[in-house]
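Participant: Could you have a look at this structure, given as structure tokens, before my questions?
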Amino acid sequence: MRVIAGSRKGHKLAAPHGLDTRPTSDRVRENIFNLIGPLDGARVLDLFAGSGALGIEALSRGAAGAVFVEHDPEALRAIERNLDHLRLTGARIVRGDVLRTIAQEATAGAKYDLVLVDPPYGMLTEIQPRLARHLPSLLAASGLVVLETDARTEPELPLPIRTTRKYGQTRVTLFEAVST
């Protein structure tokens with residue numbers, strides 16, 4: 001696994017040991033960021049962060065800051081190692097439950113330009129109602145949610161879909177903030 005583009009292009013990323021995380025492949029990450037477009041100055045929220053590869057890619061491509069939310073201790077260590085190794089600034093790591101964290105962030109009025117959501121595939125049905133409740137209020141006016149799922153799953157959020165694409169066993173769906 002490596003950083004695809006930006007200031008840290010080509011740098012290798014550490015991944016957590018074991019089978020509890022499923023890192024997004026380089027090819028899928030490259031396609032996600034091609035669909036997103038420029039990130040200069042963006043505020044990013046990386047949920048179920050795993051190795052932090054998605055949020056790190058955003059920082060490398062010019063995002064101003066990224067919040068990484070993860071509960072697995074091994075994954076948290078990988079995120080810390082990756083951020084230290086790449087000397088990236090503007091990062092904050094939240095150790096804890098993703099659903100509790102997004103509820104707290106929404107209550108606090110936090111806004112993000114990009115929310116990256118890559119939950120364990122088998123968990124989506126269980127967590128989708130709470131994602132639907134909190135993610136729309138976390139988006140800035142022109143914000144995007146990128147939701148990675150199993151290719152057979154068509155996720156639903158109360159947001160307009162910009163696009164959905166399949167890459168092998170993976171589906172990537174981009175949702176846009178609701179225009180007001």
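Please note that chains go A, B, ... in the order of the structure tokens, that every chain numbers its residues from 1, and that ligands are numbered from 1 in the order shown.
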Which residues are near region 43-58 of chain A? Cut-off 6 Å, only C-alpha atoms, ignore same chain within fewer than 2 positions. Put them as a ChimeraX atom specification.
Facilitator: /A:3,15,21,60-61,63-70,75,78-79,112-119
Participant: May I have the selected residues written with N, CA and C atoms, as a PDB file, in the first residue's frame?
Facilitator:
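The file below, again_29.pdb, is the result:
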ATOM      1  N   VAL A   3       0.957   5.836  -0.928  1.00  0.00           N
ATOM      2  CA  VAL A   3       0.225   7.066  -1.224  1.00  0.00           C
ATOM      3  C   VAL A   3       0.257   7.240  -2.727  1.00  0.00           C
ATOM      4  N   ALA A  15       0.066  -1.182   7.321  1.00  0.00           N
ATOM      5  CA  ALA A  15      -1.313  -1.657   7.514  1.00  0.00           C
ATOM      6  C   ALA A  15      -1.373  -2.444   8.811  1.00  0.00           C
ATOM      7  N   THR A  21      -9.078  -5.606   9.624  1.00  0.00           N
ATOM      8  CA  THR A  21      -9.234  -4.472   8.711  1.00  0.00           C
ATOM      9  C   THR A  21      -9.029  -4.935   7.285  1.00  0.00           C
ATOM     10  N   SER A  60      -2.274  14.288   1.692  1.00  0.00           N
ATOM     11  CA  SER A  60      -1.221  14.376   0.687  1.00  0.00           C
ATOM     12  C   SER A  60      -1.660  15.202  -0.519  1.00  0.00           C
ATOM     13  N   ARG A  61      -2.969  15.178  -0.795  1.00  0.00           N
ATOM     14  CA  ARG A  61      -3.516  15.905  -1.945  1.00  0.00           C
ATOM     15  C   ARG A  61      -3.979  17.322  -1.598  1.00  0.00           C
ATOM     16  N   ALA A  63      -5.589  18.497   1.494  1.00  0.00           N
ATOM     17  CA  ALA A  63      -6.582  18.762   2.535  1.00  0.00           C
ATOM     18  C   ALA A  63      -5.901  19.466   3.705  1.00  0.00           C
ATOM     19  N   ALA A  64      -6.611  20.402   4.320  1.00  0.00           N
ATOM     20  CA  ALA A  64      -6.054  21.174   5.431  1.00  0.00           C
ATOM     21  C   ALA A  64      -5.995  20.366   6.718  1.00  0.00           C
ATOM     22  N   GLY A  65      -6.947  19.447   6.895  1.00  0.00           N
ATOM     23  CA  GLY A  65      -6.984  18.662   8.118  1.00  0.00           C
ATOM     24  C   GLY A  65      -7.797  17.411   7.932  1.00  0.00           C
ATOM     25  N   ALA A  66      -7.488  16.420   8.772  1.00  0.00           N
ATOM     26  CA  ALA A  66      -8.229  15.157   8.724  1.00  0.00           C
ATOM     27  C   ALA A  66      -8.387  14.620  10.136  1.00  0.00           C
ATOM     28  N   VAL A  67      -9.587  14.140  10.419  1.00  0.00           N
ATOM     29  CA  VAL A  67      -9.885  13.473  11.682  1.00  0.00           C
ATOM     30  C   VAL A  67     -10.060  11.995  11.356  1.00  0.00           C
ATOM     31  N   PHE A  68      -9.258  11.156  12.018  1.00  0.00           N
ATOM     32  CA  PHE A  68      -9.301   9.714  11.812  1.00  0.00           C
ATOM     33  C   PHE A  68     -10.036   9.089  12.988  1.00  0.00           C
ATOM     34  N   VAL A  69     -11.108   8.335  12.722  1.00  0.00           N
ATOM     35  CA  VAL A  69     -11.885   7.702  13.794  1.00  0.00           C
ATOM     36  C   VAL A  69     -11.769   6.189  13.640  1.00  0.00           C
ATOM     37  N   GLU A  70     -11.286   5.552  14.706  1.00  0.00           N
ATOM     38  CA  GLU A  70     -11.043   4.108  14.683  1.00  0.00           C
ATOM     39  C   GLU A  70     -11.074   3.601  16.120  1.00  0.00           C
ATOM     40  N   ALA A  75      -5.038  -0.965  14.482  1.00  0.00           N
ATOM     41  CA  ALA A  75      -5.259   0.021  13.418  1.00  0.00           C
ATOM     42  C   ALA A  75      -4.835   1.414  13.886  1.00  0.00           C
ATOM     43  N   ALA A  78      -1.214   1.742  13.544  1.00  0.00           N
ATOM     44  CA  ALA A  78      -0.819   1.905  12.133  1.00  0.00           C
ATOM     45  C   ALA A  78      -1.036   3.346  11.680  1.00  0.00           C
ATOM     46  N   ILE A  79      -2.161   3.949  12.060  1.00  0.00           N
ATOM     47  CA  ILE A  79      -2.412   5.350  11.691  1.00  0.00           C
ATOM     48  C   ILE A  79      -1.325   6.238  12.276  1.00  0.00           C
ATOM     49  N   TYR A 112     -17.647  19.099   7.628  1.00  0.00           N
ATOM     50  CA  TYR A 112     -16.542  18.534   6.856  1.00  0.00           C
ATOM     51  C   TYR A 112     -16.840  18.649   5.374  1.00  0.00           C
ATOM     52  N   ASP A 113     -15.792  18.873   4.602  1.00  0.00           N
ATOM     53  CA  ASP A 113     -15.921  18.936   3.144  1.00  0.00           C
ATOM     54  C   ASP A 113     -15.950  17.538   2.535  1.00  0.00           C
ATOM     55  N   LEU A 114     -15.339  16.584   3.230  1.00  0.00           N
ATOM     56  CA  LEU A 114     -15.257  15.215   2.729  1.00  0.00           C
ATOM     57  C   LEU A 114     -15.355  14.258   3.905  1.00  0.00           C
ATOM     58  N   VAL A 115     -16.313  13.324   3.827  1.00  0.00           N
ATOM     59  CA  VAL A 115     -16.455  12.275   4.839  1.00  0.00           C
ATOM     60  C   VAL A 115     -16.229  10.942   4.142  1.00  0.00           C
ATOM     61  N   LEU A 116     -15.204  10.230   4.593  1.00  0.00           N
ATOM     62  CA  LEU A 116     -14.829   8.933   4.026  1.00  0.00           C
ATOM     63  C   LEU A 116     -15.334   7.839   4.963  1.00  0.00           C
ATOM     64  N   VAL A 117     -16.157   6.927   4.449  1.00  0.00           N
ATOM     65  CA  VAL A 117     -16.775   5.895   5.279  1.00  0.00           C
ATOM     66  C   VAL A 117     -16.459   4.532   4.670  1.00  0.00           C
ATOM     67  N   ASP A 118     -15.663   3.733   5.401  1.00  0.00           N
ATOM     68  CA  ASP A 118     -15.275   2.409   4.915  1.00  0.00           C
ATOM     69  C   ASP A 118     -15.467   1.385   6.033  1.00  0.00           C
ATOM     70  N   PRO A 119     -16.736   1.092   6.378  1.00  0.00           N
ATOM     71  CA  PRO A 119     -16.990   0.160   7.483  1.00  0.00           C
ATOM     72  C   PRO A 119     -16.740  -1.281   7.060  1.00  0.00           C
TER      73      PRO A 119
END
Participant: Which residues are near Asn31 (chain A)? Cut-off 12 Å, only C-alpha atoms, ignore same chain within fewer than 5 positions. Put them as a PyMOL selection string.
Facilitator: chain A and resi 4-5+24-26+36-37+54+57+146+148+164-167+170-174
Participant: What would the file look like if the residues just selected were written as a compact mmCIF listing (two decimals), in the first residue's frame with N, CA and C atoms?
Facilitator:
# COMPACT_ATOMS: atom_id res chain seq x y z
N ILE A 4 -0.90 7.52 -3.33
CA ILE A 4 -1.02 7.55 -4.79
C ILE A 4 -0.55 8.86 -5.39
N ALA A 5 -0.89 10.00 -4.77
CA ALA A 5 -0.57 11.30 -5.38
C ALA A 5 -0.37 12.35 -4.31
N THR A 24 -8.27 -0.36 1.71
CA THR A 24 -8.71 -0.04 0.36
C THR A 24 -7.51 -0.15 -0.57
N SER A 25 -7.66 -0.87 -1.67
CA SER A 25 -6.54 -1.08 -2.59
C SER A 25 -6.11 0.25 -3.21
N ASP A 26 -4.85 0.27 -3.66
CA ASP A 26 -4.32 1.47 -4.32
C ASP A 26 -5.19 1.87 -5.50
N ILE A 36 -13.46 12.49 -6.68
CA ILE A 36 -13.64 13.60 -5.73
C ILE A 36 -13.16 14.92 -6.32
N GLY A 37 -12.00 14.90 -6.93
CA GLY A 37 -11.43 16.14 -7.46
C GLY A 37 -10.55 16.85 -6.45
N LEU A 54 -7.04 6.39 3.44
CA LEU A 54 -7.92 7.33 2.74
C LEU A 54 -7.68 8.76 3.22
N GLU A 57 -4.26 9.99 2.15
CA GLU A 57 -4.28 10.36 0.72
C GLU A 57 -4.86 11.76 0.57
N VAL A 146 -18.13 9.72 0.82
CA VAL A 146 -17.69 8.58 0.02
C VAL A 146 -17.91 7.35 0.87
N GLU A 148 -17.77 3.26 0.98
CA GLU A 148 -17.24 2.05 0.35
C GLU A 148 -17.98 0.85 0.91
N THR A 164 -22.00 6.17 -8.48
CA THR A 164 -21.65 4.92 -7.83
C THR A 164 -20.88 4.09 -8.85
N ARG A 165 -19.79 3.50 -8.40
CA ARG A 165 -18.93 2.72 -9.30
C ARG A 165 -18.51 1.43 -8.62
N LYS A 166 -18.32 0.39 -9.46
CA LYS A 166 -17.84 -0.89 -8.96
C LYS A 166 -16.41 -1.09 -9.42
N TYR A 167 -15.60 -1.59 -8.51
CA TYR A 167 -14.20 -1.95 -8.79
C TYR A 167 -13.98 -3.34 -8.21
N THR A 170 -15.64 -4.30 -4.82
CA THR A 170 -15.90 -3.08 -4.07
C THR A 170 -16.82 -2.13 -4.83
N ARG A 171 -17.75 -1.51 -4.12
CA ARG A 171 -18.58 -0.44 -4.67
C ARG A 171 -18.20 0.85 -3.93
N VAL A 172 -18.06 1.92 -4.69
CA VAL A 172 -17.81 3.24 -4.12
C VAL A 172 -18.98 4.13 -4.54
N THR A 173 -19.66 4.72 -3.54
CA THR A 173 -20.79 5.60 -3.81
C THR A 173 -20.47 6.98 -3.24
N LEU A 174 -20.59 8.00 -4.09
CA LEU A 174 -20.40 9.38 -3.65
C LEU A 174 -21.76 10.04 -3.49
Participant: For the strand (DSSP E or B) assignment from backbone DSSP, which residues of chain A qualify? Please present them as a PyMOL selection string.
Facilitator: chain A and resi 2+12+43-47+65-70+91-95+112-117+139-150+161-167+170-176
Participant: Could you check which of A:Gly96, A:Gly90, A:Gly109, A:Pro155 is closest to His71 (chain A), using only C-alpha atoms?
Facilitator: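 Using only C-alpha atoms, His71 (chain A) sits closest to A:Gly96.
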Participant: Find the residues around Leu88 (chain A) up to 9 Å (only C-alpha atoms counted), leave out those fewer than 2 positions away in its own chain, and share them as a compact mmCIF listing (two decimals) with N, CA and C atoms, in the first residue's frame.
Facilitator:
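Below is the file selection-v5.txt, written as the result:
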# COMPACT_ATOMS: atom_id res chain seq x y z
N ARG A 8 3.06 13.43 -0.72
CA ARG A 8 3.67 12.19 -0.19
C ARG A 8 3.58 11.04 -1.18
N ILE A 56 -5.06 9.93 4.81
CA ILE A 56 -3.68 10.30 4.48
C ILE A 56 -3.58 10.71 3.01
N LEU A 59 -4.85 14.21 2.82
CA LEU A 59 -3.86 15.17 3.31
C LEU A 59 -2.73 15.37 2.30
N SER A 60 -2.27 14.29 1.69
CA SER A 60 -1.22 14.38 0.69
C SER A 60 -1.66 15.20 -0.52
N ASN A 82 1.92 5.77 10.39
CA ASN A 82 1.86 6.38 9.06
C ASN A 82 1.97 7.90 9.13
N LEU A 83 1.25 8.51 10.05
CA LEU A 83 1.30 9.97 10.17
C LEU A 83 2.69 10.44 10.60
N ASP A 84 3.29 9.72 11.56
CA ASP A 84 4.64 10.08 12.00
C ASP A 84 5.65 9.92 10.87
N HIS A 85 5.59 8.78 10.19
CA HIS A 85 6.54 8.49 9.10
C HIS A 85 6.44 9.53 7.98
N LEU A 86 5.24 9.93 7.65
CA LEU A 86 5.03 10.87 6.54
C LEU A 86 5.12 12.33 6.99
N GLY A 90 -1.96 18.52 10.64
CA GLY A 90 -3.40 18.73 10.46
C GLY A 90 -4.22 17.49 10.73
N ALA A 91 -3.62 16.49 11.39
CA ALA A 91 -4.34 15.24 11.66
C ALA A 91 -4.69 15.14 13.14
Participant: Measure the distance from CA of Pro158 (chain A) to CA of Ala103 (chain A) in Å and round it to one decimal.
Facilitator: 16.2 Å
Participant: Give me the residues near region 132-137 of chain A as a list of chain:residue names, where near means some atom within 10 Å (using only C-alpha atoms) and where sequence neighbours in that chain fewer than 5 positions away do not count.
Facilitator: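 In the requested format, the answer is A:Leu99, A:Thr101, A:Ile102, A:Ala103, A:Gln104, A:Glu105, A:Ala106, A:Thr107, A:Gly109, A:Ala110, A:Lys111, A:Tyr112, A:Val115, A:Val117, A:Ile127, A:Gly143, A:Leu144, A:Val145, A:Glu156, A:Leu157, A:Pro158, A:Leu159, A:Phe175, A:Glu176, A:Ala177, A:Val178.
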Participant: For the selection just defined, write its residues with N, CA and C atoms to a file, as a tab-separated table (two decimals), in the first residue's frame.
Facilitator:
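Ended up saving to selection-v2.tsv:
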chain	number	residue	atom	x	y	z
A	99	LEU	N	-19.93	5.53	15.52
A	99	LEU	CA	-21.29	6.03	15.59
A	99	LEU	C	-21.46	7.04	16.73
A	101	THR	N	-19.02	8.88	17.90
A	101	THR	CA	-18.23	10.04	17.50
A	101	THR	C	-18.99	10.93	16.51
A	102	ILE	N	-19.66	10.33	15.51
A	102	ILE	CA	-20.37	11.19	14.56
A	102	ILE	C	-21.57	11.87	15.21
A	103	ALA	N	-22.19	11.22	16.18
A	103	ALA	CA	-23.28	11.86	16.91
A	103	ALA	C	-22.75	13.06	17.69
A	104	GLN	N	-21.60	12.90	18.34
A	104	GLN	CA	-20.98	14.00	19.08
A	104	GLN	C	-20.56	15.13	18.15
A	105	GLU	N	-19.96	14.79	17.03
A	105	GLU	CA	-19.52	15.80	16.07
A	105	GLU	C	-20.72	16.57	15.52
A	106	ALA	N	-21.80	15.87	15.22
A	106	ALA	CA	-23.01	16.53	14.70
A	106	ALA	C	-23.60	17.47	15.75
A	107	THR	N	-23.66	17.01	17.00
A	107	THR	CA	-24.18	17.84	18.09
A	107	THR	C	-23.32	19.09	18.28
A	109	GLY	N	-21.83	20.66	15.98
A	109	GLY	CA	-21.91	21.52	14.81
A	109	GLY	C	-20.72	21.44	13.88
A	110	ALA	N	-19.93	20.38	13.97
A	110	ALA	CA	-18.76	20.20	13.10
A	110	ALA	C	-19.21	20.05	11.64
A	111	LYS	N	-18.41	20.58	10.75
A	111	LYS	CA	-18.69	20.47	9.31
A	111	LYS	C	-17.44	19.99	8.58
A	112	TYR	N	-17.65	19.10	7.63
A	112	TYR	CA	-16.54	18.53	6.86
A	112	TYR	C	-16.84	18.65	5.37
A	115	VAL	N	-16.31	13.32	3.83
A	115	VAL	CA	-16.45	12.28	4.84
A	115	VAL	C	-16.23	10.94	4.14
A	117	VAL	N	-16.16	6.93	4.45
A	117	VAL	CA	-16.78	5.90	5.28
A	117	VAL	C	-16.46	4.53	4.67
A	127	ILE	N	-25.51	-0.38	10.77
A	127	ILE	CA	-25.14	1.00	11.08
A	127	ILE	C	-25.74	2.04	10.14
A	143	GLY	N	-20.12	19.64	0.47
A	143	GLY	CA	-19.41	18.45	0.91
A	143	GLY	C	-19.84	17.16	0.22
A	144	LEU	N	-18.99	16.16	0.38
A	144	LEU	CA	-19.21	14.84	-0.18
A	144	LEU	C	-19.04	13.77	0.88
A	145	VAL	N	-19.84	12.71	0.76
A	145	VAL	CA	-19.63	11.48	1.53
A	145	VAL	C	-19.21	10.42	0.53
A	156	GLU	N	-27.75	3.37	1.04
A	156	GLU	CA	-28.75	4.44	0.99
A	156	GLU	C	-28.47	5.43	2.11
A	157	LEU	N	-28.46	6.69	1.75
A	157	LEU	CA	-28.39	7.80	2.69
A	157	LEU	C	-29.37	8.85	2.20
A	158	PRO	N	-29.85	9.71	3.08
A	158	PRO	CA	-30.79	10.75	2.64
A	158	PRO	C	-30.06	11.92	1.98
A	159	LEU	N	-29.22	11.58	1.01
A	159	LEU	CA	-28.42	12.56	0.27
A	159	LEU	C	-28.46	12.20	-1.21
A	175	PHE	N	-21.98	10.59	-2.31
A	175	PHE	CA	-23.20	11.33	-1.98
A	175	PHE	C	-22.83	12.80	-1.83
A	176	GLU	N	-23.71	13.69	-2.27
A	176	GLU	CA	-23.49	15.14	-2.18
A	176	GLU	C	-24.34	15.73	-1.08
A	177	ALA	N	-23.87	16.86	-0.54
A	177	ALA	CA	-24.66	17.60	0.44
A	177	ALA	C	-25.95	18.05	-0.22
A	178	VAL	N	-27.00	18.15	0.56
A	178	VAL	CA	-28.29	18.63	0.06
A	178	VAL	C	-28.19	20.13	-0.14
